[in-house]
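Trainee: This is data_0.tsv (TSV, C-alpha atoms and all ligand atoms).
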chain	number	residue	atom	x	y	z
X	24	MET	CA	0.53	30.54	-6.41
X	25	SER	CA	-0.33	27.73	-8.84
X	26	GLU	CA	-1.71	24.41	-7.60
X	27	LEU	CA	-0.86	20.84	-8.56
X	28	ARG	CA	-3.39	20.06	-11.29
X	29	PHE	CA	-4.48	16.84	-12.96
X	30	ASP	CA	-6.36	18.19	-15.99
X	31	ASN	CA	-7.00	15.70	-18.80
X	32	GLN	CA	-5.82	12.81	-16.65
X	33	THR	CA	-7.99	9.93	-15.52
X	34	VAL	CA	-7.75	8.74	-11.95
X	35	VAL	CA	-9.24	5.41	-10.89
X	36	VAL	CA	-9.99	5.29	-7.18
X	37	THR	CA	-11.08	1.94	-5.79
X	38	GLY	CA	-13.28	1.92	-2.71
X	39	ALA	CA	-14.13	5.57	-3.34
X	40	GLY	CA	-17.60	5.47	-1.80
X	41	GLY	CA	-16.39	6.58	1.63
X	42	GLY	CA	-13.42	7.24	3.89
X	43	LEU	CA	-10.06	7.80	2.23
X	44	GLY	CA	-11.28	6.84	-1.24
X	45	LYS	CA	-13.98	9.49	-1.22
X	46	ALA	CA	-11.44	12.11	-0.11
X	47	TYR	CA	-9.14	11.15	-3.01
X	48	ALA	CA	-11.97	11.16	-5.55
X	49	THR	CA	-13.33	14.58	-4.61
X	50	PHE	CA	-9.85	16.10	-4.40
X	51	PHE	CA	-8.64	14.86	-7.79
X	52	ALA	CA	-11.91	15.92	-9.43
X	53	SER	CA	-11.51	19.38	-7.88
X	54	ARG	CA	-8.04	19.54	-9.45
X	55	GLY	CA	-9.30	18.85	-12.96
X	56	ALA	CA	-9.05	15.04	-13.24
X	57	ASN	CA	-11.64	12.67	-14.67
X	58	VAL	CA	-12.41	10.28	-11.83
X	59	VAL	CA	-13.68	6.71	-11.80
X	60	VAL	CA	-15.43	6.29	-8.47
X	61	ASN	CA	-15.36	2.55	-7.83
X	62	ASP	CA	-17.16	1.06	-4.87
X	63	LEU	CA	-18.86	-2.24	-4.24
X	64	GLY	CA	-20.92	-0.63	-1.49
X	65	GLY	CA	-20.74	-3.42	1.09
X	66	SER	CA	-20.18	-3.31	4.85
X	67	PHE	CA	-16.69	-2.80	6.28
X	68	LYS	CA	-16.60	-6.58	6.83
X	69	GLY	CA	-17.18	-7.14	3.12
X	70	GLU	CA	-20.87	-8.12	3.31
X	71	GLY	CA	-23.51	-6.99	0.79
X	72	THR	CA	-23.37	-4.61	-2.16
X	73	SER	CA	-25.01	-1.31	-3.12
X	74	ASN	CA	-24.64	1.23	-5.90
X	75	LYS	CA	-25.41	4.05	-3.52
X	76	ALA	CA	-21.92	4.53	-2.07
X	77	ALA	CA	-20.34	5.31	-5.47
X	78	ASP	CA	-23.39	7.20	-6.79
X	79	VAL	CA	-23.43	9.67	-3.90
X	80	VAL	CA	-19.76	10.57	-4.48
X	81	VAL	CA	-20.25	10.92	-8.24
X	82	GLU	CA	-23.22	13.24	-7.65
X	83	GLU	CA	-21.19	15.30	-5.21
X	84	ILE	CA	-18.33	15.66	-7.70
X	85	LYS	CA	-20.68	16.60	-10.54
X	86	ALA	CA	-22.52	19.13	-8.37
X	87	ALA	CA	-19.16	20.80	-7.72
X	88	GLY	CA	-18.50	20.98	-11.49
X	89	GLY	CA	-16.17	17.96	-11.69
X	90	LYS	CA	-16.10	14.92	-13.97
X	91	ALA	CA	-16.75	11.47	-12.56
X	92	VAL	CA	-18.34	8.12	-13.36
X	93	ALA	CA	-19.35	5.34	-11.03
X	94	ASN	CA	-18.27	1.74	-11.16
X	95	TYR	CA	-19.76	-0.86	-8.82
X	96	ASP	CA	-17.56	-3.89	-9.49
X	97	SER	CA	-15.53	-5.62	-6.86
X	98	VAL	CA	-11.81	-4.93	-7.21
X	99	GLU	CA	-11.38	-8.66	-7.85
X	100	ASN	CA	-12.75	-7.75	-11.29
X	101	GLY	CA	-10.24	-5.00	-11.85
X	102	GLU	CA	-10.47	-5.28	-15.64
X	103	LYS	CA	-14.07	-4.03	-15.50
X	104	ILE	CA	-13.05	-1.00	-13.45
X	105	ILE	CA	-10.29	-0.05	-15.89
X	106	GLU	CA	-12.73	-0.67	-18.76
X	107	THR	CA	-15.06	1.92	-17.20
X	108	ALA	CA	-12.20	4.45	-17.29
X	109	ILE	CA	-11.42	3.70	-20.94
X	110	GLN	CA	-15.06	3.80	-22.02
X	111	ALA	CA	-15.87	7.01	-20.17
X	112	PHE	CA	-12.64	8.96	-20.62
X	113	GLY	CA	-10.51	7.09	-23.17
X	114	ARG	CA	-7.51	6.69	-20.87
X	115	VAL	CA	-6.18	5.83	-17.43
X	116	ASP	CA	-3.22	7.64	-15.87
X	117	ILE	CA	-3.43	7.09	-12.14
X	118	LEU	CA	-4.61	4.11	-10.11
X	119	LEU	CA	-5.27	4.40	-6.40
X	120	ASN	CA	-5.65	0.90	-5.00
X	121	ASN	CA	-7.56	1.84	-1.88
X	122	ALA	CA	-10.54	-0.50	-1.46
X	123	GLY	CA	-10.42	-2.58	1.67
X	124	ILE	CA	-12.28	-4.44	4.36
X	125	LEU	CA	-11.55	-5.88	7.78
X	126	ARG	CA	-12.25	-9.35	9.17
X	127	ASP	CA	-10.60	-9.02	12.58
X	128	VAL	CA	-10.63	-12.16	14.69
X	129	SER	CA	-8.07	-13.77	16.99
X	130	PHE	CA	-5.86	-16.23	15.17
X	131	LYS	CA	-7.22	-19.08	17.29
X	132	ASN	CA	-10.71	-18.42	15.92
X	133	MET	CA	-9.78	-17.45	12.37
X	134	LYS	CA	-11.69	-19.32	9.66
X	135	ASP	CA	-10.51	-19.91	6.11
X	136	ALA	CA	-13.32	-17.60	4.96
X	137	ASP	CA	-11.85	-14.71	7.02
X	138	TRP	CA	-8.44	-15.29	5.49
X	139	ASP	CA	-9.61	-15.84	1.93
X	140	LEU	CA	-11.90	-12.80	1.73
X	141	ILE	CA	-9.20	-10.45	3.01
X	142	MET	CA	-6.69	-11.85	0.51
X	143	LYS	CA	-9.23	-11.58	-2.29
X	144	VAL	CA	-10.09	-7.94	-1.70
X	145	HIS	CA	-6.67	-6.56	-0.77
X	146	VAL	CA	-4.16	-8.74	-2.60
X	147	LYS	CA	-6.05	-10.03	-5.60
X	148	GLY	CA	-7.94	-6.73	-5.89
X	149	ALA	CA	-4.79	-4.60	-6.07
X	150	TYR	CA	-3.25	-7.09	-8.50
X	151	LYS	CA	-6.26	-7.20	-10.83
X	152	CYS	CA	-6.65	-3.42	-11.04
X	153	ALA	CA	-2.94	-2.82	-11.64
X	154	ARG	CA	-2.72	-5.70	-14.10
X	155	ALA	CA	-5.58	-4.27	-16.17
X	156	ALA	CA	-4.12	-0.74	-16.16
X	157	TRP	CA	-0.56	-1.87	-16.90
X	158	PRO	CA	-0.78	-2.24	-20.71
X	159	TYR	CA	-2.23	1.30	-20.97
X	160	PHE	CA	0.49	2.69	-18.73
X	161	ARG	CA	3.23	0.98	-20.73
X	162	LYS	CA	1.84	2.06	-24.07
X	163	GLN	CA	1.53	5.72	-23.08
X	164	LYS	CA	4.80	5.60	-21.08
X	165	TYR	CA	3.03	7.10	-18.13
X	166	GLY	CA	1.40	5.68	-15.04
X	167	ARG	CA	1.20	6.36	-11.34
X	168	VAL	CA	0.01	3.82	-8.78
X	169	ILE	CA	-0.58	4.03	-5.04
X	170	ASN	CA	-1.11	0.83	-3.10
X	171	THR	CA	-2.44	0.89	0.43
X	172	ALA	CA	-0.67	-0.94	3.22
X	173	SER	CA	-1.24	-0.38	6.94
X	174	ALA	CA	0.63	-0.15	10.21
X	175	ALA	CA	-0.89	-3.57	10.89
X	176	GLY	CA	1.02	-4.89	7.87
X	177	LEU	CA	4.31	-3.32	8.86
X	178	PHE	CA	4.15	-4.08	12.57
X	179	GLY	CA	1.35	-6.63	13.09
X	180	GLY	CA	-1.98	-6.00	14.74
X	181	PHE	CA	-3.78	-8.08	17.37
X	182	GLY	CA	-6.59	-10.04	15.74
X	183	GLN	CA	-5.38	-9.05	12.27
X	184	ALA	CA	-3.24	-11.94	11.01
X	185	ASN	CA	-5.22	-11.99	7.75
X	186	TYR	CA	-5.27	-8.21	7.25
X	187	ALA	CA	-1.61	-7.76	8.29
X	188	ALA	CA	-0.46	-10.43	5.82
X	189	ALA	CA	-2.50	-8.83	3.02
X	190	LYS	CA	-1.22	-5.37	3.86
X	191	LEU	CA	2.46	-6.29	3.93
X	192	ALA	CA	1.88	-8.00	0.59
X	193	GLN	CA	1.25	-4.49	-0.78
X	194	VAL	CA	4.86	-3.60	0.02
X	195	GLY	CA	6.45	-6.43	-1.97
X	196	PHE	CA	3.93	-5.87	-4.75
X	197	THR	CA	4.78	-2.16	-4.87
X	198	GLU	CA	8.53	-2.65	-4.79
X	199	THR	CA	8.34	-5.12	-7.67
X	200	LEU	CA	6.01	-3.02	-9.83
X	201	ALA	CA	8.28	-0.04	-9.19
X	202	LYS	CA	11.21	-1.99	-10.64
X	203	GLU	CA	9.29	-3.29	-13.64
X	204	GLY	CA	7.56	0.01	-14.33
X	205	LEU	CA	10.51	2.37	-14.10
X	206	LYS	CA	11.58	2.28	-17.72
X	207	TYR	CA	8.00	3.00	-18.81
X	208	ASN	CA	7.66	5.97	-16.45
X	209	ILE	CA	5.28	4.00	-14.25
X	210	LEU	CA	5.93	5.02	-10.65
X	211	VAL	CA	4.47	2.95	-7.83
X	212	ASN	CA	4.46	3.78	-4.13
X	213	VAL	CA	2.72	2.41	-1.06
X	214	ILE	CA	1.22	4.24	1.89
X	215	ALA	CA	0.41	3.14	5.41
X	216	PRO	CA	-2.31	5.68	6.22
X	217	ILE	CA	-4.14	6.47	9.38
X	218	ALA	CA	-7.47	8.24	9.12
X	219	ALA	CA	-10.89	8.49	10.68
X	220	SER	CA	-13.30	6.29	8.73
X	221	ARG	CA	-15.93	3.68	9.46
X	222	MET	CA	-13.00	1.26	9.76
X	223	THR	CA	-11.43	3.16	12.65
X	224	GLU	CA	-14.34	5.02	14.27
X	225	THR	CA	-15.09	2.21	16.69
X	226	VAL	CA	-11.49	1.75	17.85
X	227	MET	CA	-10.36	5.36	18.44
X	228	PRO	CA	-11.70	8.11	20.72
X	229	PRO	CA	-13.62	11.02	19.08
X	230	ASP	CA	-10.96	13.70	19.82
X	231	VAL	CA	-8.26	11.59	18.14
X	232	LEU	CA	-10.53	10.89	15.17
X	233	GLU	CA	-11.11	14.62	14.79
X	234	SER	CA	-7.41	15.19	13.99
X	235	LEU	CA	-7.28	12.26	11.58
X	236	LYS	CA	-9.38	13.47	8.68
X	237	PRO	CA	-8.87	11.50	5.44
X	238	ASP	CA	-8.14	14.92	3.89
X	239	TRP	CA	-4.76	14.92	5.63
X	240	VAL	CA	-3.69	11.79	3.72
X	241	VAL	CA	-4.65	13.16	0.30
X	242	PRO	CA	-1.87	15.75	-0.26
X	243	LEU	CA	0.95	13.19	-0.05
X	244	VAL	CA	-0.85	10.95	-2.52
X	245	ALA	CA	-1.28	13.95	-4.85
X	246	VAL	CA	2.45	14.67	-4.69
X	247	LEU	CA	3.37	11.06	-5.46
X	248	VAL	CA	1.03	10.63	-8.43
X	249	HIS	CA	1.62	14.03	-10.03
X	250	SER	CA	3.66	14.21	-13.23
X	251	SER	CA	6.18	16.42	-11.41
X	252	ASN	CA	7.20	13.34	-9.43
X	253	GLU	CA	9.72	11.75	-11.74
X	254	ILE	CA	11.83	9.79	-9.28
X	255	GLU	CA	9.98	8.73	-6.16
X	256	THR	CA	9.03	5.10	-6.66
X	257	GLY	CA	9.03	1.88	-4.68
X	258	SER	CA	8.78	3.80	-1.42
X	259	ILE	CA	6.73	3.26	1.71
X	260	PHE	CA	5.18	6.28	3.45
X	261	GLU	CA	3.47	6.57	6.80
X	262	VAL	CA	0.85	9.32	6.63
X	263	GLY	CA	-1.99	10.73	8.71
X	264	GLY	CA	-2.98	13.49	11.11
X	265	GLY	CA	-0.39	15.84	9.63
X	266	HIS	CA	2.50	13.35	9.91
X	267	VAL	CA	4.25	12.29	6.69
X	268	ALA	CA	7.38	10.13	6.77
X	269	LYS	CA	9.14	7.59	4.64
X	270	ILE	CA	9.78	4.17	6.12
X	271	ARG	CA	12.64	1.86	5.10
X	272	TRP	CA	14.37	-1.33	6.07
X	273	GLU	CA	17.22	-1.22	8.52
X	274	ARG	CA	19.95	-3.83	8.93
X	275	ALA	CA	22.00	-4.41	12.07
X	276	LYS	CA	25.77	-4.71	11.96
X	277	GLY	CA	25.34	-8.47	11.84
X	278	ALA	CA	27.76	-11.34	12.10
X	279	LEU	CA	29.68	-12.57	9.09
X	280	LEU	CA	30.70	-16.18	9.56
X	281	LYS	CA	32.83	-18.44	7.46
X	282	THR	CA	30.73	-21.06	5.70
X	283	ASP	CA	32.41	-24.23	6.89
X	284	SER	CA	31.92	-26.71	9.70
X	285	THR	CA	32.58	-23.96	12.27
X	286	LEU	CA	29.24	-22.32	11.34
X	287	THR	CA	27.31	-23.94	14.18
X	288	PRO	CA	24.35	-22.72	16.27
X	289	GLY	CA	26.93	-22.02	18.98
X	290	ALA	CA	28.94	-19.77	16.64
X	291	ILE	CA	25.84	-17.69	16.02
X	292	LEU	CA	24.97	-17.49	19.71
X	293	LYS	CA	28.50	-16.27	20.32
X	294	ARG	CA	27.90	-13.37	17.92
X	295	TRP	CA	24.28	-12.70	18.97
X	296	LYS	CA	25.17	-9.19	20.11
X	297	ASP	CA	26.44	-8.29	16.61
X	298	VAL	CA	23.38	-9.87	14.96
X	299	ASN	CA	21.27	-7.41	16.99
X	300	ASP	CA	23.60	-4.41	16.95
X	301	PHE	CA	21.77	-1.44	15.42
X	302	SER	CA	24.32	1.13	16.63
X	303	GLU	CA	25.60	1.66	13.06
X	304	PRO	CA	22.63	0.68	10.91
X	305	GLU	CA	22.69	0.05	7.18
X	306	HIS	CA	19.69	0.60	4.92
X	307	PRO	CA	19.71	-2.17	2.34
X	308	GLN	CA	18.02	-1.52	-0.98
X	309	GLY	CA	17.96	-5.01	-2.35
X	310	THR	CA	19.75	-8.28	-2.92
X	311	ALA	CA	22.83	-6.49	-4.35
X	312	ASN	CA	23.68	-5.31	-0.83
X	313	PHE	CA	23.36	-8.85	0.42
X	314	MET	CA	25.73	-10.12	-2.26
X	315	GLU	CA	28.34	-7.57	-1.15
X	316	LYS	CA	28.16	-9.11	2.32
X	317	LEU	CA	28.71	-12.57	0.88
X	318	GLU	CA	31.78	-11.38	-1.00
X	319	GLU	CA	33.21	-10.06	2.25
X	320	GLY	CA	32.40	-13.44	3.80
X	321	LEU	CA	34.47	-15.27	1.19
X	322	LYS	CA	37.52	-13.37	2.39
X	323	LEU	CA	37.19	-14.69	5.95
X	324	SER	CA	39.82	-17.19	6.92
X	325	SER	CA	37.90	-18.88	9.72
X	326	ASN	CA	35.26	-18.22	12.33
X	327	ASP	CA	37.49	-17.12	15.10
X	328	PRO	CA	35.42	-18.10	18.10
X	329	GLY	CA	37.73	-16.18	20.44
X	330	GLU	CA	37.00	-17.88	23.68
X	331	THR	CA	35.71	-21.41	23.56
X	332	LEU	CA	32.10	-21.74	22.38
X	333	ASP	CA	29.47	-22.50	25.01
X	334	PHE	CA	27.57	-24.61	22.49
X	335	LYS	CA	28.27	-26.21	19.12
X	401	LIG	P1	-13.67	2.56	4.40
X	401	LIG	O1	-14.35	1.32	4.86
X	401	LIG	O2	-14.28	3.88	4.75
X	401	LIG	O3	-13.46	2.54	2.83
X	401	LIG	C1	-13.18	1.39	2.09
X	401	LIG	C2	-14.08	1.35	0.89
X	401	LIG	O4	-13.75	0.23	0.08
X	401	LIG	C3	-15.56	1.21	1.26
X	401	LIG	O5	-16.32	2.26	0.71
X	401	LIG	C4	-15.93	-0.15	0.71
X	401	LIG	O6	-17.28	-0.23	0.26
X	401	LIG	C5	-14.94	-0.31	-0.42
X	401	LIG	N1	-14.74	-1.72	-0.77
X	401	LIG	C6	-14.58	-2.76	0.07
X	401	LIG	N2	-14.43	-3.89	-0.61
X	401	LIG	C7	-14.47	-3.56	-1.93
X	401	LIG	C8	-14.36	-4.32	-3.12
X	401	LIG	N3	-14.19	-5.65	-3.10
X	401	LIG	N4	-14.43	-3.67	-4.30
X	401	LIG	C9	-14.63	-2.33	-4.33
X	401	LIG	N5	-14.78	-1.58	-3.23
X	401	LIG	C10	-14.69	-2.18	-2.03
X	401	LIG	O7	-12.17	2.46	4.96
X	401	LIG	P2	-10.92	3.47	4.85
X	401	LIG	O8	-10.45	3.66	6.23
X	401	LIG	O9	-11.21	4.63	4.02
X	401	LIG	O10	-9.86	2.51	4.14
X	401	LIG	C11	-9.28	2.76	2.87
X	401	LIG	C12	-8.02	1.92	2.74
X	401	LIG	O11	-7.06	2.34	3.69
X	401	LIG	C13	-8.23	0.43	2.99
X	401	LIG	O12	-7.41	-0.33	2.12
X	401	LIG	C14	-7.76	0.25	4.42
X	401	LIG	O13	-7.37	-1.08	4.68
X	401	LIG	C15	-6.61	1.23	4.45
X	401	LIG	N6	-6.22	1.66	5.76
X	401	LIG	C16	-7.00	2.52	6.49
X	401	LIG	C17	-6.58	2.95	7.73
X	401	LIG	C18	-7.34	3.95	8.51
X	401	LIG	O14	-6.81	4.42	9.54
X	401	LIG	N7	-8.54	4.35	8.09
X	401	LIG	C19	-5.36	2.44	8.34
X	401	LIG	C20	-4.58	1.60	7.49
X	401	LIG	C21	-5.02	1.23	6.26
Would you write out, as structure tokens, the structure that this file holds?
Mentor:
Amino acid sequence: MSELRFDNQTVVVTGAGGGLGKAYATFFASRGANVVVNDLGGSFKGEGTSNKAADVVVEEIKAAGGKAVANYDSVENGEKIIETAIQAFGRVDILLNNAGILRDVSFKNMKDADWDLIMKVHVKGAYKCARAAWPYFRKQKYGRVINTASAAGLFGGFGQANYAAAKLAQVGFTETLAKEGLKYNILVNVIAPIAASRMTETVMPPDVLESLKPDWVVPLVAVLVHSSNEIETGSIFEVGGGHVAKIRWERAKGALLKTDSTLTPGAILKRWKDVNDFSEPEHPQGTANFMEKLEEGLKLSSNDPGETLDFK
């Protein structure tokens, strides 16, 4: 049986000094790719720097016969990371935006510094790396990007207002790059992983962590960034511990109301059940679906309140 290979391709993995990033880097190197192992080498709260984190992974890859170079820049300087790929290997094919930190604190106690640092690493970092790789991807009509969201971004997480906001930003970023990249064969997807790492080891029990090896996130990423994936783009995947599933938006039946003076708060309250009715869900793909609704709305003759409204 042949395996998915990445020979002659260059993969840039940000935050590859540990956790998920290290698992990606070693895997892609073992499948023939040239790997840029980027890591700033700070603490999980984003303090300090060290070359060691990236160096150790590069040594490990080389010892196993793979090809890798280290880069120690912060993802906020994405252009330097992509430059390392071009200088060392002459090209960049795959970008895994993985680097991340946590600054958990209750919203009441959140400081601007907690907010700003999280936005800088996750949002600006993903932007800067993708922005620097984009011209290469367009020119060669080939590129694959994975951005990293989180369950906290999709559902919220106590003490994680900053991190959750930055992680959901990855979804809008991904969906937009997917649209702009499609005609250049640049496919962009986003994952919400769960894995044992220094980020999660203090918040999960050891037996749970045991089943959540970063290695169980890697295969999905490999599938999405391989050249055999020619269509999957702009999608969100939940992945970890052997579970892999796509996530999408769902719309309730909803209420369609005529846009005249009868569209009052009371008219909405009257239809509250329909606004929340998920018994026959729709799965909107974009604003086009919304426009269809509006066209239906134009055909309405009036908001028939049925019985008298309780409120206006
Ligand atoms: P980790 O802390 O083991 O790895 C993150 C790496 O990013 C570290 O090696 C760190 O030095 C590096 N890094 C941090 N800031 C950087 C910067 N400015 N520039 C370059 N490198 C930087 O954590 P883990 O768990 O492997 O996380 C990887 C990604 O997955 C992160 O984006 C995280 O938010 C996300 N994630 C992880 C989950 C999990 O269950 N482990 C859950 C949801 C999301």
Trainee: Show me which residues sit within 6 Å of ligand LIG 401 (chain X) when counting only C-alpha atoms and all ligand atoms, and put them as an MDAnalysis selection string.
Mentor: chainID X and resid 37:44 62:65 67 69 97:98 121:124 144 171:173 215:223
Trainee: Around segment 274-289 of chain X, with edges along x, y and z and 4 Å added on all six sides, what centre and edge lengths do you get, in Å to one decimal, as AutoDock Vina command-line options?
Mentor:
--center_x 26.4 --center_y -15.3 --center_z 12.3 --size_x 20.9 --size_y 30.9 --size_z 21.3
Trainee: Between X:Val128, X:Val168, X:Val241, X:Arg161, single out the one closest to Asn185 of chain X, counting all atoms listed in the file.
Mentor: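 Under the stated criterion, the closest residue is X:Val128.
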Trainee: Pick the closest to Lys162 of chain X from X:Glu198, X:Asp116, X:Ala136, X:Lys147: which is it, counting only C-alpha atoms?
Mentor: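 Checking each candidate against Lys162 of chain X, we get X:Asp116 as the closest.
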Trainee: So, counting all atoms listed in the file, which residue among X:His145, X:Lys206, X:His249, X:His306 is closest to Asp30 of chain X?
Mentor: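 So, comparing all the options, the nearest one is X:His249.
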Trainee: Of the candidates X:Leu119, X:Val262, X:Ala189, X:Leu247, which shows the shortest atom-to-atom distance to Ile141 of chain X, using only C-alpha atoms?
Mentor: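 Of X:Leu119, X:Val262, X:Ala189, X:Leu247, the one nearest Ile141 of chain X is X:Ala189, counting only C-alpha atoms.
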Trainee: In the coordinates of the file, take the point (6.7, -3.1, -8.8) and a cut-off of 10 Å; then, counting only C-alpha atoms, name each qualifying protein, DNA or RNA residue as a list of chain:residue names.
Mentor: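 Residues found, by chain and rising number: X:Val168, X:Gln193, X:Val194, X:Gly195, X:Phe196, X:Thr197, X:Glu198, X:Thr199, X:Leu200, X:Ala201, X:Lys202, X:Glu203, X:Gly204, X:Leu205, X:Ile209, X:Leu210, X:Val211, X:Asn212, X:Thr256, X:Gly257.
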Trainee: Quote the spacing between atom CA of Ala155 of chain X and atom CA of Ser66 of chain X in Å to one decimal place.
Mentor: 25.6 Å
Trainee: Between X:Leu232, X:Val298, X:Ile291, X:Met142, which one has atoms that come closest to Lys276 of chain X, using only C-alpha atoms?
Mentor: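 Distance minimum relative to Lys276 of chain X lands on X:Val298.
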Trainee: Quick check, in Å to one decimal: how far apart do atom CA of Val240 of chain X and atom CA of Phe112 of chain X lie?
Mentor: 26.1 Å
Trainee: So, counting all atoms listed in the file, which residue among X:Val226, X:Ala278, X:Val59, X:Ala245 is closest to Lys296 of chain X?
Mentor: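 Looking only at the distances to Lys296 of chain X, the closest residue turns out to be X:Ala278.
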Trainee: Atom CA of Gly88 of chain X to atom CA of Ser53 of chain X: how many Å, to one decimal?
Mentor: 8.0 Å
Trainee: Could you name the residues that touch Thr107 of chain X at 12 Å or less, counting all atoms listed in the file, but leaving out those on the same chain fewer than 3 positions away, as a PyMOL selection string?
Mentor: chain X and resi 33-36+57-61+91-96+100-104+110-115+152+155-156
